[in-house]
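Shown next: upload38.txt, containing compact mmCIF, C-alpha atoms.
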# COMPACT_ATOMS: atom_id res chain seq x y z
CA MET A 1 -5.61 -88.65 67.01
CA GLU A 2 -5.04 -88.13 70.68
CA TYR A 3 -5.07 -90.05 73.94
CA ALA A 4 -5.37 -88.82 77.51
CA ILE A 5 -3.81 -90.52 80.52
CA THR A 6 -4.78 -89.41 84.01
CA LEU A 7 -1.93 -89.38 86.50
CA PRO A 8 -2.83 -90.85 89.91
CA GLU A 9 -2.15 -89.08 93.21
CA GLY A 10 1.53 -88.85 94.11
CA VAL A 11 2.62 -89.04 90.47
CA THR A 12 3.83 -85.93 88.67
CA GLY A 13 4.99 -85.34 85.15
CA ALA A 14 7.21 -82.86 83.35
CA TYR A 15 7.65 -82.41 79.62
CA ASP A 16 10.69 -80.70 78.17
CA LEU A 17 10.76 -81.23 74.40
CA PRO A 18 11.32 -84.17 73.51
CA GLU A 19 11.74 -85.75 76.97
CA LEU A 20 8.88 -86.83 79.21
CA ALA A 21 9.72 -87.36 82.89
CA ILE A 22 7.31 -89.13 85.24
CA LYS A 23 8.11 -88.97 88.95
CA GLY A 24 6.53 -90.92 91.80
CA GLU A 25 7.29 -92.16 95.27
CA LYS A 26 9.21 -95.24 94.03
CA GLY A 27 11.40 -93.51 91.45
CA GLU A 28 11.63 -91.47 88.28
CA VAL A 29 11.53 -92.53 84.63
CA LYS A 30 12.55 -90.43 81.62
CA ARG A 31 11.92 -91.17 77.96
CA ASN A 32 12.13 -89.31 74.65
CA PHE A 33 9.01 -88.90 72.51
CA PRO A 34 10.20 -86.73 69.58
CA GLN A 35 7.33 -87.52 67.19
CA LEU A 36 4.45 -86.56 69.53
CA GLU A 37 2.81 -83.42 70.84
CA ILE A 38 2.48 -83.82 74.60
CA LYS A 39 0.55 -81.58 76.99
CA LEU A 40 0.49 -81.78 80.77
CA GLU A 41 -2.43 -80.03 82.43
CA ASN A 42 -3.34 -80.61 86.09
CA SER A 43 -3.07 -84.40 86.37
CA THR A 44 -3.83 -85.25 82.74
CA LEU A 45 -1.24 -86.24 80.17
CA THR A 46 -2.45 -85.74 76.59
CA MET A 47 -0.53 -87.32 73.71
CA LYS A 48 -1.32 -86.28 70.16
CA ILE A 49 0.01 -87.14 66.72
CA LYS A 50 -0.68 -85.45 63.43
CA GLY A 51 -2.55 -87.42 60.82
CA ASP A 52 -4.91 -90.37 60.90
CA LYS A 53 -2.91 -92.84 58.89
CA ARG A 54 -2.46 -96.38 60.10
CA LYS A 55 1.27 -95.95 60.76
CA GLN A 56 0.73 -92.87 62.93
CA LYS A 57 -1.92 -94.68 64.97
CA LYS A 58 0.53 -97.51 65.61
CA VAL A 59 3.22 -95.06 66.73
CA LEU A 60 0.77 -93.26 69.02
CA ASN A 61 -0.52 -96.49 70.57
CA THR A 62 3.05 -97.67 71.23
CA CYS A 63 3.98 -94.37 72.87
CA VAL A 64 0.82 -94.43 75.01
CA SER A 65 1.74 -97.94 76.21
CA HIS A 66 5.23 -96.71 77.11
CA ALA A 67 3.75 -93.77 79.04
CA ARG A 68 1.36 -96.07 80.93
CA ASN A 69 4.27 -98.36 81.85
CA MET A 70 6.17 -95.30 83.10
CA VAL A 71 3.23 -94.35 85.35
CA LYS A 72 2.92 -97.95 86.66
CA GLY A 73 6.67 -98.19 87.28
CA VAL A 74 6.93 -95.10 89.48
CA GLN A 75 4.07 -96.44 91.63
CA GLU A 76 5.24 -100.05 91.90
CA PRO A 77 8.62 -101.03 90.36
CA PHE A 78 8.85 -103.83 87.79
CA VAL A 79 10.44 -107.02 89.16
CA TYR A 80 12.21 -109.81 87.28
CA LYS A 81 13.29 -112.98 89.10
CA LEU A 82 16.17 -115.18 88.02
CA LYS A 83 17.41 -118.56 89.26
CA ILE A 84 21.06 -119.65 89.58
CA CYS A 85 21.52 -123.24 88.40
CA ALA A 86 24.91 -124.88 88.97
CA SER A 87 25.27 -128.65 88.78
CA HIS A 88 28.84 -129.22 87.58
CA PHE A 89 30.82 -126.51 89.42
CA PRO A 90 29.82 -124.35 92.40
CA MET A 91 29.17 -120.93 90.88
CA GLN A 92 29.44 -117.75 92.97
CA VAL A 93 27.44 -114.67 92.01
CA ALA A 94 28.26 -111.40 93.77
CA LEU A 95 27.42 -107.74 93.39
CA GLN A 96 30.39 -105.43 93.98
CA GLY A 97 29.33 -101.81 93.68
CA GLN A 98 27.78 -101.46 90.23
CA THR A 99 29.38 -104.66 88.86
CA LEU A 100 27.80 -108.12 88.88
CA GLN A 101 30.40 -110.91 88.97
CA VAL A 102 29.93 -114.60 88.20
CA LYS A 103 32.90 -116.61 89.48
CA ASN A 104 33.80 -120.24 88.72
CA PHE A 105 31.18 -120.59 85.97
CA VAL A 106 31.75 -124.10 84.54
CA GLY A 107 35.24 -124.04 86.09
CA GLU A 108 36.44 -120.87 84.32
CA LYS A 109 39.40 -119.13 85.94
CA HIS A 110 38.36 -115.56 85.09
CA PRO A 111 35.08 -114.14 86.40
CA ARG A 112 32.39 -112.98 84.00
CA GLU A 113 31.37 -109.40 84.73
CA MET A 114 28.55 -107.04 83.85
CA ASN A 115 28.04 -103.38 84.71
CA VAL A 116 24.65 -102.62 86.25
CA PRO A 117 23.12 -99.37 84.95
CA GLU A 118 21.87 -96.66 87.28
CA GLY A 119 18.26 -97.00 88.34
CA VAL A 120 18.34 -100.80 88.70
CA LYS A 121 18.38 -102.56 92.06
CA ILE A 122 19.70 -106.14 92.22
CA GLU A 123 19.35 -108.47 95.21
CA ILE A 124 21.05 -111.87 95.48
CA LYS A 125 19.76 -114.43 98.00
CA ASP A 126 21.08 -118.00 97.84
CA THR A 127 20.10 -119.16 94.32
CA ASP A 128 17.65 -116.33 93.56
CA ILE A 129 18.37 -112.99 91.91
CA THR A 130 15.82 -110.17 91.90
CA VAL A 131 16.08 -107.29 89.40
CA GLU A 132 13.93 -104.25 90.23
CA SER A 133 13.48 -100.93 88.41
CA PRO A 134 10.76 -98.33 87.78
CA SER A 135 11.55 -98.65 84.06
CA LYS A 136 10.13 -101.86 82.57
CA GLU A 137 12.49 -101.67 79.62
CA LEU A 138 15.59 -101.23 81.79
CA ALA A 139 14.64 -104.05 84.19
CA GLY A 140 14.00 -106.44 81.28
CA ARG A 141 17.23 -105.49 79.54
CA VAL A 142 19.32 -106.09 82.68
CA ALA A 143 17.62 -109.44 83.38
CA GLY A 144 18.28 -110.53 79.79
CA ARG A 145 21.92 -109.45 80.00
CA ILE A 146 22.38 -111.44 83.22
CA GLU A 147 20.94 -114.50 81.49
CA LEU A 148 23.25 -113.98 78.49
CA LEU A 149 26.24 -113.53 80.81
CA THR A 150 26.19 -117.26 81.54
CA ARG A 151 25.42 -118.45 78.03
CA LEU A 152 27.25 -121.61 77.00
CA THR A 153 28.26 -122.26 73.40
CA GLY A 154 29.60 -125.45 71.95
CA LYS A 155 28.18 -127.70 74.67
CA ASP A 156 25.10 -129.89 74.71
CA ARG A 157 22.28 -127.91 76.44
CA ARG A 158 20.63 -131.15 77.58
CA ILE A 159 23.67 -132.03 79.69
CA PHE A 160 25.23 -128.67 80.60
CA GLN A 161 22.33 -126.76 82.12
CA ASP A 162 24.46 -124.51 84.31
CA GLY A 163 23.60 -120.83 84.14
CA ILE A 164 21.28 -118.11 85.33
CA TYR A 165 17.74 -118.22 83.95
CA ILE A 166 14.75 -115.87 84.07
CA THR A 167 11.89 -117.52 86.00
CA GLU A 168 9.43 -114.61 86.42
CA LYS A 169 8.90 -111.56 84.25
CA ALA A 170 7.29 -108.25 85.17

Could you quickly redo this structure as structure tokens?
Amino acid sequence: MEYAITLPEGVTGAYDLPELAIKGEKGEVKRNFPQLEIKLENSTLTMKIKGDKRKQKKVLNTCVSHARNMVKGVQEPFVYKLKICASHFPMQVALQGQTLQVKNFVGEKHPREMNVPEGVKIEIKDTDITVESPSKELAGRVAGRIELLTRLTGKDRRIFQDGIYITEKA
């Protein structure tokens, strides 16, 4: 079984066993594909797997989807939007270098912090947070971690709705 993906203009690829790197004008994405045979000729990416069993087809289809997302991401980055909701205490969210800080969350004295990985761009405007990355997986993971950063336990969710929530996914 094999699939071919044509790379659009301005997008280049490099394969160094087992890592595939796709580079475009908006960024670069790298990912390991150890179970596949990958060939890059001209502007065509060919992915092949040995065997025709059902499990191998599933693995190949998953890897092809990842490769297509990589190509899309280097052309137009994936964007996640989050909303800051604070009704009980005024919450301050700030980005200091590569650290996202949430201060005064439900009156807590110590700020909640999260390190932002390389390759992710975060913008904070009023009550909106935008997470942007050429890697769909990385953007989604960071947006989920921001949402979990303000998770409340032991309180009634119908009353205490303070937090940061994902409103739009890529």

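As for atom CA of Glu9 of chain A and atom CA of Ser43 of chain A, they are spaced 8.3 Å apart.
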
Hey, what's within 12 Å of Asp126 of chain A if we count all atoms listed in the file and toss same-chain stuff fewer than 2 positions away? As a list in words, please?
Leu82, Lys83, Ile84, Cys85, Ala86, Met91, Gln92, Val93, Ala94, Glu123, Ile124, Asp128, Ile129 and Thr130 of chain A

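Nearest to Asp52 of chain A of all the residues A:Val79, A:Tyr15, A:Met1, A:Pro90 is A:Met1, based on all atoms listed in the file.
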
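Proximity ranking of A:Gly154, A:Gly13, A:Gly163, A:Gly24 relative to Val106 of chain A places A:Gly163 first, based on only C-alpha atoms.
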
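Closest to Arg151 of chain A among A:Ile38, A:Phe105, A:Lys50, A:His110 is A:Phe105, based on all atoms listed in the file.
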
Could you check the closest approach to Glu113 of chain A for each of A:Val59, A:Arg141, A:Thr150, A:Glu132 and tell me which residue wins, using only C-alpha atoms?
A:Thr150
